[in-house]
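J.: Data file coords_27.cif (mmCIF, C-alpha atoms) is appended below.
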```cif
data_my_file
loop_
_atom_site.label_atom_id
_atom_site.label_comp_id
_atom_site.auth_asym_id
_atom_site.auth_seq_id
_atom_site.Cartn_x
_atom_site.Cartn_y
_atom_site.Cartn_z
CA PRO A 1228 -59.93 -36.27 28.84
CA GLY A 1229 -60.52 -37.90 25.51
CA PRO A 1230 -59.12 -38.31 22.03
CA GLU A 1231 -58.20 -35.23 20.07
CA GLY A 1232 -59.77 -36.61 16.91
CA SER A 1233 -58.36 -37.12 13.45
CA LEU A 1234 -55.90 -34.73 11.89
CA ARG A 1235 -57.44 -31.81 10.04
CA SER A 1236 -55.68 -32.79 6.83
CA PRO A 1237 -52.22 -33.71 5.61
CA GLU A 1238 -49.80 -30.86 5.19
CA VAL A 1239 -50.28 -29.31 1.78
CA THR A 1240 -47.25 -29.53 -0.48
CA PRO A 1241 -48.33 -27.74 -3.65
CA PRO A 1242 -47.23 -29.58 -6.79
CA ALA A 1243 -45.45 -27.93 -9.64
CA PHE A 1244 -48.00 -26.31 -11.90
CA GLY A 1245 -48.61 -27.94 -15.24
CA LEU A 1246 -51.59 -26.48 -17.06
CA ASP A 1247 -52.12 -22.84 -17.84
CA PRO A 1248 -55.67 -22.21 -16.57
CA THR A 1249 -56.23 -18.82 -18.17
CA PRO A 1250 -58.94 -19.31 -20.79
CA VAL A 1251 -58.53 -17.49 -24.07
CA TYR A 1252 -61.62 -15.61 -25.13
CA SER A 1253 -63.94 -17.33 -27.59
CA ASP A 1254 -67.56 -16.87 -28.57
CA ARG A 1255 -69.18 -18.53 -25.60
CA PRO A 1256 -72.90 -18.27 -24.87
CA SER A 1257 -74.16 -15.34 -22.82
CA THR A 1258 -76.58 -17.06 -20.46
CA GLY A 1259 -76.25 -15.05 -17.27
CA PRO A 1260 -74.84 -16.58 -14.09
CA GLY A 1261 -77.61 -19.18 -13.71
CA SER A 1262 -78.28 -20.79 -10.33
CA PRO A 1263 -75.82 -21.40 -7.47
CA VAL A 1264 -74.43 -24.95 -7.49
CA VAL A 1265 -72.57 -26.27 -4.43
CA TYR A 1266 -70.04 -29.10 -4.61
CA ASP A 1267 -68.95 -30.97 -1.45
CA LEU A 1268 -65.38 -32.19 -1.98
CA ALA A 1269 -65.65 -34.80 0.80
CA THR A 1270 -68.82 -36.53 -0.45
CA GLY A 1271 -68.70 -35.63 -4.13
CA ILE A 1272 -72.32 -34.48 -3.95
CA GLU A 1273 -73.45 -31.58 -6.16
CA THR A 1274 -76.50 -29.55 -5.15
CA VAL A 1275 -78.19 -26.93 -7.31
CA GLN A 1276 -79.82 -24.35 -5.05
CA PRO A 1277 -82.64 -21.91 -5.83
CA LEU A 1278 -81.85 -18.35 -6.76
CA PRO A 1279 -82.51 -15.77 -4.06
CA VAL A 1280 -85.84 -14.02 -4.48
CA GLY A 1281 -85.61 -10.32 -5.44
CA PRO A 1282 -86.00 -7.48 -5.79
CA PHE A 1283 -82.54 -6.39 -4.78
CA ALA A 1284 -81.16 -3.00 -3.89
CA PRO A 1285 -78.90 -1.44 -6.55
CA TYR A 1286 -75.81 -2.08 -4.44
CA GLY A 1287 -74.66 -3.83 -1.27
CA PHE A 1288 -71.48 -4.84 0.50
CA VAL A 1289 -69.94 -6.72 3.42
CA ALA A 1290 -66.91 -5.20 5.14
CA GLY A 1291 -63.53 -6.92 5.32
CA ARG A 1292 -61.10 -7.25 8.22
CA VAL A 1293 -57.74 -5.52 8.33
CA VAL A 1294 -54.76 -7.11 10.05
CA GLY A 1295 -51.11 -6.14 9.94
CA ASP A 1296 -49.80 -3.14 8.08
CA VAL A 1297 -52.08 -1.13 5.83
CA VAL A 1298 -50.50 -0.54 2.43
CA GLN A 1299 -51.77 2.25 0.19
CA GLU A 1300 -52.00 1.30 -3.49
CA SER A 1301 -51.36 3.96 -6.11
CA ILE A 1302 -54.26 5.25 -8.18
CA SER A 1303 -54.30 5.37 -11.97
CA ARG A 1304 -56.91 5.63 -14.69
CA SER A 1305 -55.67 2.86 -16.99
CA PHE A 1306 -54.65 -0.75 -16.54
CA ASN A 1307 -50.94 -0.89 -17.12
CA GLN A 1308 -48.08 -3.27 -16.52
CA LEU A 1309 -48.13 -5.37 -13.37
CA THR A 1310 -45.76 -4.57 -10.53
CA THR A 1311 -44.50 -6.88 -7.79
CA ARG A 1312 -45.73 -6.91 -4.22
CA SER A 1313 -44.38 -8.45 -1.01
CA PRO A 1314 -47.29 -10.49 0.40
CA GLY A 1315 -46.23 -10.59 4.05
CA SER A 1316 -48.59 -7.80 5.17
CA TYR A 1317 -52.15 -6.67 4.54
CA PRO A 1318 -53.72 -6.22 2.03
CA TRP A 1319 -51.36 -8.38 -0.03
CA SER A 1320 -51.56 -11.20 2.51
CA SER A 1321 -55.27 -11.63 1.71
CA HIS A 1322 -54.45 -12.77 -1.84
CA GLY A 1323 -53.20 -16.30 -2.41
CA ARG A 1324 -51.88 -18.89 -4.79
CA MET A 1325 -54.35 -21.69 -5.55
CA TRP A 1326 -53.90 -25.27 -6.79
CA ALA A 1327 -56.46 -27.75 -8.11
CA SER A 1328 -56.28 -31.26 -9.57
CA THR A 1329 -58.13 -31.99 -12.80
CA SER A 1330 -59.93 -35.19 -13.77
CA THR A 1331 -57.16 -35.95 -16.29
CA GLY A 1332 -54.40 -35.79 -13.68
CA GLY A 1333 -53.21 -32.28 -14.44
CA THR A 1334 -52.66 -29.46 -11.97
CA LEU A 1335 -54.16 -26.01 -12.34
CA LEU A 1336 -52.50 -22.91 -10.98
CA CYS A 1337 -54.85 -20.01 -10.16
CA SER A 1338 -55.22 -17.09 -7.78
CA GLY A 1339 -57.81 -16.24 -5.15
CA THR A 1340 -58.69 -13.59 -2.57
CA MET A 1341 -59.93 -14.03 0.99
CA ILE A 1342 -63.38 -12.46 1.55
CA ASP A 1343 -64.04 -14.07 4.94
CA ALA A 1344 -62.02 -15.94 7.56
CA LYS A 1345 -62.80 -19.29 5.86
CA HIS A 1346 -63.85 -18.30 2.33
CA TYR A 1347 -62.09 -16.97 -0.76
CA ILE A 1348 -63.29 -15.92 -4.18
CA THR A 1349 -61.84 -17.28 -7.42
CA ALA A 1350 -62.91 -18.06 -10.98
CA GLY A 1351 -65.42 -20.76 -11.84
CA HIS A 1352 -63.00 -22.26 -14.36
CA CYS A 1353 -60.48 -22.74 -11.52
CA VAL A 1354 -62.82 -25.21 -9.77
CA HIS A 1355 -64.86 -26.74 -12.63
CA GLU A 1356 -64.25 -27.69 -16.27
CA GLY A 1357 -67.39 -25.88 -17.43
CA SER A 1358 -70.01 -26.83 -20.05
CA GLY A 1359 -71.18 -29.94 -18.20
CA GLY A 1360 -67.69 -31.13 -17.25
CA ASN A 1361 -66.23 -32.26 -13.94
CA TRP A 1362 -65.45 -30.53 -10.67
CA TYR A 1363 -61.79 -30.27 -9.75
CA THR A 1364 -60.46 -31.87 -6.57
CA GLY A 1365 -57.47 -31.38 -4.28
CA ILE A 1366 -58.13 -27.64 -4.13
CA SER A 1367 -55.84 -25.73 -1.75
CA ILE A 1368 -54.76 -22.15 -1.21
CA SER A 1369 -51.71 -20.55 0.35
CA PRO A 1370 -52.37 -16.88 1.22
CA GLY A 1371 -49.38 -14.60 0.84
CA TRP A 1372 -47.54 -17.24 -1.19
CA ASP A 1373 -43.94 -16.29 -2.01
CA GLY A 1374 -42.55 -19.70 -2.92
CA ASP A 1375 -43.56 -21.37 0.34
CA ASP A 1376 -46.39 -21.15 2.85
CA ASP A 1377 -44.37 -20.45 5.98
CA ASP A 1378 -45.99 -17.06 6.63
CA PHE A 1379 -49.61 -18.14 7.04
CA GLY A 1380 -49.74 -21.84 6.21
CA SER A 1381 -52.14 -23.36 3.74
CA ALA A 1382 -55.78 -24.41 3.75
CA ASN A 1383 -57.74 -27.06 1.89
CA ALA A 1384 -61.15 -26.66 0.28
CA THR A 1385 -64.09 -28.52 1.79
CA ALA A 1386 -66.86 -27.14 -0.44
CA VAL A 1387 -67.26 -24.74 -3.31
CA VAL A 1388 -70.18 -22.81 -4.78
CA GLY A 1389 -70.18 -22.03 -8.49
CA TRP A 1390 -72.87 -21.05 -10.98
CA THR A 1391 -74.68 -23.13 -13.57
CA GLY A 1392 -73.98 -20.41 -16.11
CA TRP A 1393 -70.41 -21.81 -16.09
CA THR A 1394 -70.80 -25.43 -14.95
CA VAL A 1395 -73.64 -26.20 -17.39
CA SER A 1396 -73.37 -23.61 -20.16
CA GLY A 1397 -69.73 -22.52 -20.08
CA SER A 1398 -70.67 -18.82 -20.04
CA TRP A 1399 -68.24 -16.18 -18.76
CA ASP A 1400 -71.28 -14.63 -17.03
CA GLY A 1401 -71.08 -17.41 -14.44
CA ASP A 1402 -67.28 -17.73 -14.21
CA GLN A 1403 -67.13 -17.07 -10.47
CA ALA A 1404 -66.82 -19.30 -7.41
CA VAL A 1405 -66.39 -19.05 -3.64
CA VAL A 1406 -64.42 -21.76 -1.86
CA ARG A 1407 -64.90 -22.83 1.76
CA LEU A 1408 -61.70 -23.69 3.66
CA ASP A 1409 -61.01 -26.16 6.43
CA ARG A 1410 -59.36 -23.55 8.68
CA PRO A 1411 -60.03 -19.84 9.24
CA VAL A 1412 -56.66 -18.71 7.91
CA GLY A 1413 -58.19 -15.29 7.26
CA PHE A 1414 -57.76 -14.44 10.94
CA LEU A 1415 -54.01 -14.42 10.20
CA THR A 1416 -54.06 -12.77 6.80
CA GLY A 1417 -57.04 -10.42 7.02
CA TRP A 1418 -59.62 -10.38 4.25
CA LEU A 1419 -61.21 -7.95 1.84
CA GLY A 1420 -64.85 -6.96 1.92
CA TYR A 1421 -67.05 -7.92 -1.01
CA GLY A 1422 -70.03 -6.36 -2.69
CA TYR A 1423 -71.91 -5.52 -5.88
CA ASN A 1424 -73.11 -2.41 -7.66
CA SER A 1425 -75.73 -2.67 -10.42
CA SER A 1426 -74.90 0.73 -11.90
CA ASN A 1427 -72.90 0.38 -15.11
CA SER A 1428 -71.97 4.05 -14.94
CA TRP A 1429 -70.38 3.46 -11.51
CA TRP A 1430 -68.27 0.70 -13.02
CA SER A 1431 -67.26 2.90 -15.95
CA SER A 1432 -66.19 5.79 -13.74
CA SER A 1433 -64.38 3.92 -10.93
CA THR A 1434 -60.80 2.73 -10.54
CA PHE A 1435 -60.22 -0.93 -9.69
CA HIS A 1436 -57.31 -3.01 -8.43
CA THR A 1437 -56.35 -6.66 -8.85
CA THR A 1438 -53.68 -8.96 -7.46
CA GLY A 1439 -52.58 -12.45 -8.47
CA TYR A 1440 -49.82 -14.79 -9.52
CA PRO A 1441 -48.91 -14.89 -13.22
CA GLY A 1442 -47.88 -18.37 -14.31
CA SER A 1443 -45.33 -17.41 -16.93
CA SER A 1444 -43.35 -14.62 -18.60
CA TRP A 1445 -42.94 -12.58 -15.42
CA SER A 1446 -39.91 -12.33 -13.17
CA GLY A 1447 -40.25 -14.70 -10.23
CA ALA A 1448 -43.26 -16.55 -11.69
CA PRO A 1449 -45.07 -18.52 -10.49
CA ASP A 1450 -44.07 -17.57 -6.94
CA GLN A 1451 -44.14 -13.77 -7.24
CA GLN A 1452 -47.28 -11.80 -6.43
CA TYR A 1453 -48.19 -9.03 -8.88
CA TYR A 1454 -50.59 -6.11 -8.74
CA GLY A 1455 -52.33 -3.92 -11.33
CA TYR A 1456 -54.94 -1.16 -11.36
CA GLY A 1457 -57.04 0.88 -13.75
CA SER A 1458 -60.47 1.36 -15.31
CA TRP A 1459 -62.75 -0.38 -17.82
CA ASP A 1460 -63.27 0.01 -21.55
CA GLN A 1461 -66.46 -2.04 -21.83
CA VAL A 1462 -69.09 -2.71 -19.16
CA ALA A 1463 -71.82 -5.36 -19.45
CA THR A 1464 -74.30 -6.75 -16.94
CA ASP A 1465 -72.18 -9.73 -15.84
CA THR A 1466 -68.70 -8.97 -17.20
CA VAL A 1467 -66.42 -5.98 -17.72
CA GLU A 1468 -63.36 -5.74 -19.95
CA ALA A 1469 -60.25 -3.59 -20.22
CA ASP A 1470 -57.62 -3.04 -22.88
CA CYS A 1471 -53.97 -3.05 -21.90
CA PRO A 1472 -50.65 -2.80 -23.75
CA PRO A 1473 -49.69 -6.03 -25.52
CA TRP A 1474 -47.89 -8.61 -23.41
CA THR A 1475 -48.12 -6.48 -20.28
CA PHE A 1476 -51.03 -7.74 -18.25
CA TRP A 1477 -52.85 -10.99 -18.81
CA PHE A 1478 -51.01 -14.26 -18.25
CA GLY A 1479 -51.95 -17.69 -16.94
CA GLY A 1480 -52.22 -17.96 -13.18
CA MET A 1481 -53.92 -14.58 -12.64
CA SER A 1482 -57.31 -16.26 -13.10
CA GLY A 1483 -59.54 -15.98 -10.04
CA GLY A 1484 -57.74 -13.11 -8.35
CA GLY A 1485 -60.11 -10.65 -6.71
CA VAL A 1486 -60.84 -7.42 -8.59
CA TYR A 1487 -61.51 -4.85 -5.90
CA TYR A 1488 -62.57 -1.26 -5.35
CA LYS A 1489 -61.01 0.97 -2.69
CA ASP A 1490 -63.30 3.60 -1.22
CA THR A 1491 -62.35 7.03 0.10
CA ALA A 1492 -61.77 5.59 3.58
CA GLY A 1493 -59.24 3.11 2.19
CA ASP A 1494 -61.47 0.04 2.66
CA ARG A 1495 -61.31 -2.60 -0.08
CA PHE A 1496 -64.24 -4.54 -1.52
CA VAL A 1497 -64.06 -7.36 -4.08
CA TYR A 1498 -66.60 -6.72 -6.85
CA ALA A 1499 -65.37 -9.22 -9.46
CA ASN A 1500 -62.73 -11.84 -10.27
CA ASN A 1501 -60.23 -12.22 -13.12
CA SER A 1502 -61.77 -14.44 -15.78
CA TYR A 1503 -60.52 -14.49 -19.40
CA GLY A 1504 -58.23 -12.75 -21.87
CA TRP A 1505 -57.24 -12.59 -25.52
CA GLY A 1506 -55.21 -10.67 -28.10
CA LYS A 1507 -51.84 -11.70 -26.70
CA SER A 1508 -49.52 -10.70 -29.54
CA SER A 1509 -46.91 -8.06 -30.26
CA ASN A 1510 -48.99 -6.03 -32.70
CA ILE A 1511 -52.47 -5.75 -31.17
CA THR A 1512 -53.80 -4.56 -27.85
CA SER A 1513 -54.49 -7.25 -25.28
CA ARG A 1514 -57.82 -7.33 -23.52
CA PHE A 1515 -58.89 -9.12 -20.37
CA GLY A 1516 -62.31 -9.67 -18.84
CA VAL A 1517 -63.59 -10.14 -15.31
CA CYS A 1518 -66.79 -11.67 -13.95
CA ARG A 1519 -68.90 -9.23 -11.91
CA MET A 1520 -70.52 -10.04 -8.61
CA THR A 1521 -74.24 -9.45 -9.10
CA SER A 1522 -77.02 -8.98 -6.56
CA ALA A 1523 -78.04 -12.66 -6.76
CA LYS A 1524 -74.46 -13.87 -6.32
CA PHE A 1525 -73.87 -11.50 -3.42
CA ASP A 1526 -77.10 -12.54 -1.70
CA HIS A 1527 -76.26 -16.23 -1.92
CA TYR A 1528 -72.71 -15.77 -0.63
CA ALA A 1529 -73.63 -13.43 2.22
CA ASN A 1530 -76.82 -15.13 3.42
CA THR A 1531 -76.45 -18.82 2.52
CA PHE A 1532 -73.02 -20.19 1.58
CA ILE A 1533 -70.68 -18.25 3.88
CA PRO A 1534 -72.86 -18.59 7.01
CA GLY A 1535 -73.03 -22.33 6.24
CA GLY A 1536 -69.29 -22.58 6.81
CA TYR A 1537 -69.63 -22.01 10.54
CA ILE A 1538 -71.11 -24.41 13.10
CA SER A 1539 -73.13 -22.56 15.74
CA SER A 1540 -73.77 -25.62 17.91
CA GLN A 1541 -70.18 -26.18 19.03
CA GLN A 1542 -67.03 -24.26 19.84
CA ASP A 1543 -64.61 -23.92 16.97
CA LEU A 1544 -61.21 -23.87 18.63
CA ILE A 1545 -58.49 -23.88 15.98
CA PRO A 1546 -54.97 -22.64 16.78
CA MET A 1547 -53.95 -19.80 14.46
CA ASP A 1548 -50.23 -20.11 15.13
CA VAL A 1549 -48.06 -22.48 17.14
CA ASN A 1550 -44.51 -21.99 18.42
#
```
How does the structure come out when it is put into structure tokens?

T.:
Amino acid sequence: PGPEGSLRSPEVTPPAFGLDPTPVYSDRPSTGPGSPVVYDLATGIETVQPLPVGPFAPYGFVAGRVVGDVVQESISRSFNQLTTRSPGSYPWSSHGRMWASTSTGGTLLCSGTMIDAKHYITAGHCVHEGSGGNWYTGISISPGWDGDDDDFGSANATAVVGWTGWTVSGSWDGDQAVVRLDRPVGFLTGWLGYGYNSSNSWWSSSTFHTTGYPGSSWSGAPDQQYYGYGSWDQVATDTVEADCPPWTFWFGGMSGGGVYYKDTAGDRFVYANNSYGWGKSSNITSRFGVCRMTSAKFDHYANTFIPGGYISSQQDLIPMDVN
């Protein structure tokens, strides 16, 4: 006997998107990712945490969890035009539409990918203004979004970890974040593994996939999930970039979507997130860039931030579905 406690949170009714969050490339400083910085949405407290102490192995990964139907993506050697996907089954269900409220009253529309039952990866600019600006609030995600959240429900952010490379310096090197949710919706959707690989030659020779929700210029936007695949034209320590035909790939709303590698066994691992783009015109080739997961980022997510989302001292009984 006893009270059930307060409601988890009000039902999320995502607002109509207003701002296009996809940043256009400009000459920003190259500072590296910096230090992990955690923001608690309930208290408004920001905490800069120390970098993990190396040395690190040249690669590492954490496995994902498959639920539902396994869908085989096609393989290609160049990023080409996006194609639609039905997000009701795995792996498409692990990708979601994301909303965030800005300090000026606007609403950002981004994408994100589940990498744990209660955590998803997105872009740093989807949770923070960058260059010493403000954190965004009212962050929520709806995995498998197709115009409503009736397949898997929605989840609200309780905390987020970004990198001072973005929050302080505005560098694309630190344009990555992991968001902690208030319910383990990943047990319904499944989630992708995540990892890093320090070998630039591995990045140059591997095929990658990405999924997200373009905010404009695509049929069904912003409620239609899209998917693309291919390889990279330029590889740097913290970012990689790819050319694509003009007006075919990069549009607002794709920001934050997980960029993942599929191994020979068919397992998927997020190694980066969609970050920035430029060259959107009819007469030049478009290019988009993604922010790599590095050894320091991986270590902090796997050993500090994600374990901190689970309470070991009490049972965590949350209904996954109710009829």

J.: Could you state the separation of CA of Thr1437 in chain A and CA of Ser1502 in chain A in Å, given to one decimal place?

T.: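 Here the two named atoms are 11.7 Å from each other.
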
J.: To one decimal in Å, tell me the separation between CA of Gly1271 in chain A and CA of Ala1529 in chain A.

T.: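 Distance reported for this atom pair: 23.6 Å.
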
J.: When the PyMOL selection byres ((chain A and resi 1488-1497) around 7) is applied to the file above, which residues end up in the set, as a list in words?

T.: Leu1419, Gly1420, Tyr1421, Gly1422, Thr1434, Phe1435, His1436, Gly1485, Val1486, Tyr1487, Tyr1498 and Ala1499 of chain A

J.: May I ask which of the residues A:Trp1430, A:Trp1445, A:Tyr1423, A:Tyr1317 is the closest one to Gly1480 in chain A, counting all atoms listed in the file?

T.: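 Ranking A:Trp1430, A:Trp1445, A:Tyr1423, A:Tyr1317 by distance to Gly1480 in chain A, first place goes to A:Trp1445.
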
J.: Which one is closest to Val1294 in chain A: A:Ser1396, A:Thr1531, A:Ser1369, A:Thr1416? Count all atoms listed in the file.

T.: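 Answer, going by the shortest atom-to-atom distance: A:Thr1416.
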
J.: Given the file shown, enumerate the residues that the PyMOL selection byres ((chain A and resi 1514) around 7) captures and present them as an MDAnalysis selection string.

T.: chainID A and resid 1468:1471 1504:1506 1512:1513 1515:1516

J.: Run the PyMOL selection byres ((chain A and resi 1527) around 10) on the file and write out the hits as a list in words.

T.: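 For this structure, the PyMOL selection byres ((chain A and resi 1527) around 10) resolves to Ser1262, Pro1263, Gln1276, Pro1277, Leu1278, Pro1279, Val1388, Ser1522, Ala1523, Lys1524, Phe1525, Asp1526, Tyr1528, Ala1529, Asn1530, Thr1531, Phe1532, Ile1533 and Pro1534 of chain A.
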
J.: Under the rule that all atoms listed in the file are counted, which of A:Met1481, A:Val1265, A:Ala1386, A:Ile1342 is the nearest residue to Ala1448 in chain A?

T.: A:Met1481

J.: Can you tell me, as a list in words, which residues sit within 12 Å of (-70.1, -28.6, -17.5) in the file's frame, using all atoms listed in the file?

T.: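 Those residues lying close to the given coordinates are Val1264, Gly1351, His1352, Val1354, His1355, Glu1356, Gly1357, Ser1358, Gly1359, Gly1360, Asn1361, Trp1362, Tyr1363, Gly1389, Trp1390, Thr1391, Gly1392, Trp1393, Thr1394, Val1395, Ser1396, Gly1397, Ser1398, Gly1401 and Asp1402 of chain A.
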
J.: Just how far from CA of Gly1439 in chain A is CA of Gly1315 in chain A, in Å to one decimal?

T.: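 Taking CA of Gly1315 in chain A as the start and CA of Gly1439 in chain A as the end point, the length is 14.2 Å.
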
J.: When distances are computed from all atoms listed in the file, which of A:Thr1466, A:Ser1338, A:Ser1321, A:Thr1364 shows the smallest separation from Thr1385 in chain A?

T.: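 With all atoms listed in the file as the atom set, the closest residue is A:Thr1364.
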
J.: Name all residues at most 9 Å from Asn1500 in chain A (count all atoms listed in the file; drop same-chain ones fewer than 5 positions away) and give them as a ChimeraX atom specification.

T.: /A:1339-1340,1348-1350,1402-1404,1437,1482-1487,1516-1520

J.: Find the residues with any atom within 12 Å of (-51.4, -18.3, 6.2); use all atoms listed in the file and the coordinates as given in the file, and write the answer as number ranges by chain.

T.: A: 1239, 1314-1317, 1319-1324, 1341, 1344-1345, 1367-1373, 1375-1383, 1408, 1410-1418, 1546-1548

J.: Quick one: axis-aligned box around all listed atoms of range 1398-1401 of chain A, 5 Å on every side, centre and edge lengths in Å to one decimal, written as JSON.

T.:
```
{"center_x": -69.8, "center_y": -16.7, "center_z": -17.2, "size_x": 13.0, "size_y": 14.2, "size_z": 15.6}
```

J.: With all atoms listed in the file as the basis for distance, which of A:Ile1366, A:Thr1311, A:Tyr1503, A:Gly1281 is at the shortest distance from Met1325 in chain A?

T.: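 Once distances to Met1325 in chain A are computed over all atoms listed in the file, the minimum belongs to A:Ile1366.
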